[in-house]
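All remarks here apply to the structure that follows.
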Amino acid sequence: MTAPAAPAPRFTGSFTQQEPLPDDAIAAALEVMRHGRLHRYNLAPGEAGETALLEEDFAAFTGARYCLAVASGGYALACALRALGVAPGAPVLTNAFTLAPVPGAIVSVGAHPILVEITEDLVIDLHDLAQKARASGARVLMLSHMRGHIADMGALMACAQALGLQVIEDCAHTMGASFAGVASGRHGVLGCYSTQTYKHMNSGEGGLIVGDDPQIMARAVLLSGSYMLYPRHRAAPPPEAFADLRLETPNVSGRMDNLRAALLRPQLARLPARAARWNALHDRLAAGLRDVAGVALARSAARAAPVRSSFQFRLPGWSGDRIAALVARAAERGVELKWFGAPVPQGFTSTHASWRYLPPQALPRTDAVLATLLDLRLPLTFSEGDVDLIARILAEEIARG
């Protein structure tokens, strides 16, 4: 008599559970709650404040002259656009493959997003960028390092310079990453980061802006709602940079508070070690899928040093029905795949076709890539064994498909 087949293994971990906050971050937050000075400008005599200290720490970490802490990554993007003087109706270029807050920030300042095609390696297509920059007359590129994929920044910045483009880097997925030894966010005129729970440092919500230009960063500080208290900033331009701006720059309040800054400062010191752990998990999963028939993985630019906190793969040639069936089978075995080609967006997987606040734009190459693109998170609560099991489940279900 034949023994019954063993049940297929199932993954039981969570794709959304992040690591607990470190004890020193909790202690720092408790100290802020005990004294009650949560507002960044509510300080005791001689006190710098957690927010100002975070800005100082993050400027040093990235090598920037100036840093501003704000309420969210999305606010950072819109503030950056305003700080560059982007006017209503102005064209702003951005990757077609990004998350909704990026075109949302452009629309929020009344500007017009122009979406640029991507390559099979999930980065911006420089040929399409050049064509659309010339055709539109755009002067700003909001470059999204979507899902941690970093373009060849040497080639990109040379292209931007030739086209007269100012570059804002959306580094929501590349905090702690670099290209050719330069921190992500330090190639363009401004770098914007997120500290939302699923990003590389966790304060629930939060954002950071870095830059070297004193006038641009002074304008960003004023926009964030400094109430003429900008001398209390430490990683900010000198007071004279504010003199001609302080009475003509609107207050679009979006400050970070001392409680969130207190949570973040201890996490910053741990970021390089966390990046190494994420990359180890990513590389282990890639090794488990690299030889699976039909799977295509994006290639990294030669001098890029990414932080891989999520994993993407494509299934070229697969129909939508086959991919939908794979997503369902994987879910039955506990593996949560997000599909960017789904007809209805789920969670964070919306694409330009569902951003109806933009005029429709033809992006056939991007659409072909996204039609077979699958995505999953890699929280640091995963072990190497977890990743091995996920790779096994995906390999088996892809083979079934």
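Numbering starts fresh at 1 for the residues of each chain in the structure tokens, the chains themselves are lettered A, B, ... in the order given, and ligands are numbered from 1 as they appear.
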Using only C-alpha atoms, determine which residues lie at most 9 Å from A:Ser72, disregarding the query and same-chain residues fewer than 2 positions distant; provide the list as a ChimeraX atom specification. /A:69-70,74-77,193-196,205-208,254-256
Next, write the just-selected residues to a file, as a short mmCIF file (atom, residue, chain, number, x, y, z; two decimals), in the first residue's frame, keeping C-alpha atoms as the atom set.
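In the end it all went to result00.cif:
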```cif
data_model
loop_
_atom_site.label_atom_id
_atom_site.label_comp_id
_atom_site.auth_asym_id
_atom_site.auth_seq_id
_atom_site.Cartn_x
_atom_site.Cartn_y
_atom_site.Cartn_z
CA ALA A 69 13.27 66.31 9.43
CA VAL A 70 9.62 66.34 8.37
CA GLY A 74 5.51 62.22 0.90
CA TYR A 75 5.73 65.61 2.59
CA ALA A 76 9.49 65.59 1.96
CA LEU A 77 8.88 65.15 -1.78
CA TYR A 193 13.78 59.78 2.66
CA SER A 194 10.94 58.06 4.50
CA THR A 195 10.87 56.62 8.01
CA GLN A 196 7.46 55.00 7.65
CA GLU A 205 5.63 58.05 9.76
CA GLY A 206 8.39 60.55 9.09
CA GLY A 207 10.73 61.93 6.47
CA LEU A 208 14.08 63.62 5.93
CA GLY A 254 5.04 69.42 8.13
CA ARG A 255 7.57 69.26 10.93
CA MET A 256 8.83 66.11 12.61
#
```
Taking the backbone alone, and naming residues the way the document does, which bits of stretch 72-248 of chain A are strand (DSSP E) by DSSP, as an MDAnalysis selection string? chainID A and resid 91:95 112:116 140:144 166:170 178:179 182:183 190:194 207:211
Please save N, CA and C atoms of the selected residues as a CSV table (one decimal), in the first residue's frame.
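So the final result, stored in selection_24.csv, reads:
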```csv
chain,number,residue,atom,x,y,z
A,91,PRO,N,5.9,71.1,-15.9
A,91,PRO,CA,6.2,69.6,-16.1
A,91,PRO,C,7.3,69.1,-15.2
A,92,VAL,N,7.0,68.0,-14.6
A,92,VAL,CA,8.1,67.3,-13.7
A,92,VAL,C,8.2,65.9,-14.2
A,93,LEU,N,9.4,65.4,-14.5
A,93,LEU,CA,9.6,64.1,-14.9
A,93,LEU,C,9.7,63.1,-13.7
A,94,THR,N,9.3,61.9,-13.9
A,94,THR,CA,9.5,60.9,-12.9
A,94,THR,C,9.3,59.5,-13.5
A,95,ASN,N,9.9,58.5,-12.8
A,95,ASN,CA,9.8,57.1,-13.3
A,95,ASN,C,8.4,56.7,-13.4
A,112,HIS,N,2.7,69.1,-13.3
A,112,HIS,CA,2.2,68.0,-14.2
A,112,HIS,C,3.2,66.9,-14.3
A,113,PRO,N,2.9,65.7,-13.8
A,113,PRO,CA,3.8,64.6,-13.9
A,113,PRO,C,3.9,64.0,-15.3
A,114,ILE,N,5.2,63.9,-15.8
A,114,ILE,CA,5.5,63.2,-17.1
A,114,ILE,C,6.2,62.0,-16.7
A,115,LEU,N,5.6,60.8,-17.1
A,115,LEU,CA,6.2,59.5,-16.7
A,115,LEU,C,7.1,59.0,-17.7
A,116,VAL,N,8.3,58.5,-17.2
A,116,VAL,CA,9.4,58.1,-18.1
A,116,VAL,C,9.4,56.5,-18.0
A,140,VAL,N,12.9,69.7,-14.0
A,140,VAL,CA,13.1,68.9,-12.7
A,140,VAL,C,12.7,67.4,-13.0
A,141,LEU,N,13.6,66.6,-12.5
A,141,LEU,CA,13.4,65.1,-12.5
A,141,LEU,C,13.3,64.6,-11.0
A,142,MET,N,12.1,64.1,-10.7
A,142,MET,CA,12.0,63.4,-9.4
A,142,MET,C,12.3,61.9,-9.6
A,143,LEU,N,13.5,61.5,-9.3
A,143,LEU,CA,14.0,60.2,-9.6
A,143,LEU,C,13.6,59.3,-8.4
A,144,SER,N,12.8,58.3,-8.7
A,144,SER,CA,12.4,57.3,-7.7
A,144,SER,C,13.3,56.1,-7.8
A,166,GLN,N,17.3,69.6,-12.8
A,166,GLN,CA,17.6,69.5,-11.4
A,166,GLN,C,17.0,68.1,-10.9
A,167,VAL,N,17.7,67.4,-10.1
A,167,VAL,CA,17.3,66.0,-9.7
A,167,VAL,C,17.0,66.0,-8.3
A,168,ILE,N,15.7,65.6,-8.0
A,168,ILE,CA,15.3,65.3,-6.6
A,168,ILE,C,15.3,63.8,-6.5
A,169,GLU,N,16.0,63.2,-5.5
A,169,GLU,CA,16.1,61.7,-5.4
A,169,GLU,C,15.0,61.3,-4.3
A,170,ASP,N,14.2,60.4,-4.7
A,170,ASP,CA,13.2,59.8,-3.8
A,170,ASP,C,13.9,58.5,-3.3
A,178,SER,N,24.1,53.2,-1.6
A,178,SER,CA,25.1,54.2,-2.2
A,178,SER,C,25.3,53.8,-3.7
A,179,PHE,N,25.9,54.7,-4.4
A,179,PHE,CA,26.4,54.4,-5.7
A,179,PHE,C,27.8,55.0,-5.8
A,182,VAL,N,29.0,57.1,-3.0
A,182,VAL,CA,28.3,58.3,-2.6
A,182,VAL,C,26.9,57.8,-2.1
A,183,ALA,N,26.5,58.3,-1.0
A,183,ALA,CA,25.2,57.9,-0.4
A,183,ALA,C,24.0,58.2,-1.3
A,190,LEU,N,18.6,67.5,-4.1
A,190,LEU,CA,18.0,67.2,-2.9
A,190,LEU,C,17.7,65.7,-2.8
A,191,GLY,N,17.8,65.1,-1.6
A,191,GLY,CA,17.5,63.7,-1.4
A,191,GLY,C,16.4,63.7,-0.3
A,192,CYS,N,15.4,62.8,-0.6
A,192,CYS,CA,14.2,62.7,0.3
A,192,CYS,C,14.1,61.3,0.7
A,193,TYR,N,13.8,61.1,2.0
A,193,TYR,CA,13.8,59.8,2.7
A,193,TYR,C,12.5,59.6,3.5
A,194,SER,N,12.1,58.4,3.7
A,194,SER,CA,10.9,58.1,4.5
A,194,SER,C,11.3,57.2,5.7
A,207,GLY,N,9.9,61.7,7.7
A,207,GLY,CA,10.7,61.9,6.5
A,207,GLY,C,11.9,62.8,6.8
A,208,LEU,N,12.9,62.8,5.8
A,208,LEU,CA,14.1,63.6,5.9
A,208,LEU,C,14.4,64.2,4.6
A,209,ILE,N,15.0,65.4,4.5
A,209,ILE,CA,15.4,66.0,3.3
A,209,ILE,C,16.9,66.4,3.5
A,210,VAL,N,17.8,66.1,2.6
A,210,VAL,CA,19.1,66.6,2.7
A,210,VAL,C,19.5,67.3,1.4
A,211,GLY,N,20.5,68.3,1.6
A,211,GLY,CA,21.0,69.0,0.4
A,211,GLY,C,22.1,69.9,0.9
```
Closest of A:Met217, A:Leu165, A:Leu337, A:Ile118 to A:Ile150 - atom-to-atom distances counting only C-alpha atoms: A:Ile118
What are the closest atom pairs, with distances in Å to one decimal, for all residues of stretch 251-295 of chain A lying within 9 Å of stretch 20-24 of chain A? Consider only C-alpha atoms, order rows by chain and residue number, and present the result as a tab-separated table.
```
residue	atom	partner	partner_atom	distance
A:Leu263	CA	A:Leu21	CA	7.8
A:Pro266	CA	A:Asp24	CA	6.5
A:Gln267	CA	A:Pro22	CA	7.5
```
Put those residues in a file: N, CA and C atoms, as a compact mmCIF listing (two decimals), in the first residue's frame.
```
# COMPACT_ATOMS: atom_id res chain seq x y z
N LEU A 263 12.92 58.20 18.58
CA LEU A 263 12.89 56.80 18.14
C LEU A 263 13.92 56.53 17.05
N PRO A 266 18.64 56.36 17.67
CA PRO A 266 19.36 55.11 17.94
C PRO A 266 19.32 54.12 16.76
N GLN A 267 18.29 54.21 15.93
CA GLN A 267 18.21 53.30 14.79
C GLN A 267 19.24 53.64 13.73
```
Could you give me, as JSON lines, every stretch 180-219 of chain A residue with an atom at most 10 Å from stretch 237-245 of chain A, plus its closest atom pair and distance in Å to one decimal, counting only C-alpha atoms, rows ordered by chain then number?
```
{"residue": "A:Asp212", "atom": "CA", "partner": "A:Pro237", "partner_atom": "CA", "distance": 8.8}
{"residue": "A:Asp213", "atom": "CA", "partner": "A:Pro237", "partner_atom": "CA", "distance": 8.4}
{"residue": "A:Pro214", "atom": "CA", "partner": "A:Pro237", "partner_atom": "CA", "distance": 5.2}
{"residue": "A:Gln215", "atom": "CA", "partner": "A:Ala241", "partner_atom": "CA", "distance": 5.9}
{"residue": "A:Ile216", "atom": "CA", "partner": "A:Ala241", "partner_atom": "CA", "distance": 9.3}
{"residue": "A:Met217", "atom": "CA", "partner": "A:Pro237", "partner_atom": "CA", "distance": 7.0}
{"residue": "A:Ala218", "atom": "CA", "partner": "A:Phe242", "partner_atom": "CA", "distance": 5.8}
{"residue": "A:Arg219", "atom": "CA", "partner": "A:Leu245", "partner_atom": "CA", "distance": 6.7}
```
Output N, CA and C atoms for every residue in the selection just made, as a short mmCIF file (atom, residue, chain, number, x, y, z; two decimals), in the first residue's frame.
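Output file result_2.cif follows:
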```
data_model
loop_
_atom_site.label_atom_id
_atom_site.label_comp_id
_atom_site.auth_asym_id
_atom_site.auth_seq_id
_atom_site.Cartn_x
_atom_site.Cartn_y
_atom_site.Cartn_z
N ASP A 212 22.76 70.53 -0.13
CA ASP A 212 23.92 71.37 0.13
C ASP A 212 23.67 72.84 -0.18
N ASP A 213 22.62 73.16 -0.94
CA ASP A 213 22.38 74.54 -1.35
C ASP A 213 21.71 75.31 -0.21
N PRO A 214 22.33 76.38 0.30
CA PRO A 214 21.76 77.07 1.46
C PRO A 214 20.42 77.73 1.19
N GLN A 215 20.23 78.30 -0.01
CA GLN A 215 18.97 78.96 -0.30
C GLN A 215 17.83 77.95 -0.42
N ILE A 216 18.08 76.84 -1.09
CA ILE A 216 17.05 75.82 -1.26
C ILE A 216 16.67 75.21 0.08
N MET A 217 17.68 74.89 0.89
CA MET A 217 17.38 74.27 2.18
C MET A 217 16.77 75.27 3.16
N ALA A 218 17.15 76.55 3.08
CA ALA A 218 16.50 77.55 3.92
C ALA A 218 15.02 77.66 3.57
N ARG A 219 14.73 77.60 2.28
CA ARG A 219 13.32 77.65 1.85
C ARG A 219 12.56 76.42 2.36
#
```
Can you work out the spacing between atom CA of A:Met201 and atom CA of A:Arg270 in Å, to one decimal?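 Between these atoms lies a distance of 9.2 Å.
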Might you pull out every residue within 9 Å of A:Leu370, with only C-alpha atoms counted and same-chain residues fewer than 4 positions away left off, and present them as a PDB file with N, CA and C atoms, in the first residue's frame?
```
ATOM      1  N   PHE A  97       7.587  53.557 -13.051  1.00  0.00           N
ATOM      2  CA  PHE A  97       7.501  52.544 -12.000  1.00  0.00           C
ATOM      3  C   PHE A  97       7.897  53.194 -10.683  1.00  0.00           C
ATOM      4  N   ARG A 314      10.455  38.714 -12.305  1.00  0.00           N
ATOM      5  CA  ARG A 314       9.499  38.723 -13.417  1.00  0.00           C
ATOM      6  C   ARG A 314       9.326  37.319 -13.978  1.00  0.00           C
ATOM      7  N   TRP A 339       1.443  41.704  -7.134  1.00  0.00           N
ATOM      8  CA  TRP A 339       1.589  41.676  -8.592  1.00  0.00           C
ATOM      9  C   TRP A 339       1.285  43.054  -9.150  1.00  0.00           C
ATOM     10  N   PHE A 340       2.265  43.655  -9.816  1.00  0.00           N
ATOM     11  CA  PHE A 340       2.080  44.994 -10.366  1.00  0.00           C
ATOM     12  C   PHE A 340       1.259  44.988 -11.660  1.00  0.00           C
ATOM     13  N   GLY A 341       0.988  43.814 -12.195  1.00  0.00           N
ATOM     14  CA  GLY A 341       0.190  43.749 -13.410  1.00  0.00           C
ATOM     15  C   GLY A 341      -1.269  43.433 -13.167  1.00  0.00           C
ATOM     16  N   THR A 351      -0.347  51.302 -10.255  1.00  0.00           N
ATOM     17  CA  THR A 351       0.507  51.758 -11.353  1.00  0.00           C
ATOM     18  C   THR A 351      -0.167  52.945 -12.033  1.00  0.00           C
ATOM     19  N   ARG A 365       6.567  50.020 -22.895  1.00  0.00           N
ATOM     20  CA  ARG A 365       7.671  49.205 -22.367  1.00  0.00           C
ATOM     21  C   ARG A 365       7.513  48.986 -20.863  1.00  0.00           C
ATOM     22  N   THR A 366       7.110  50.027 -20.156  1.00  0.00           N
ATOM     23  CA  THR A 366       6.869  49.888 -18.719  1.00  0.00           C
ATOM     24  C   THR A 366       5.732  48.907 -18.469  1.00  0.00           C
ATOM     25  N   LEU A 374       6.464  40.607 -10.022  1.00  0.00           N
ATOM     26  CA  LEU A 374       5.978  40.192  -8.705  1.00  0.00           C
ATOM     27  C   LEU A 374       6.933  40.682  -7.628  1.00  0.00           C
TER      28      LEU A 374
END
```
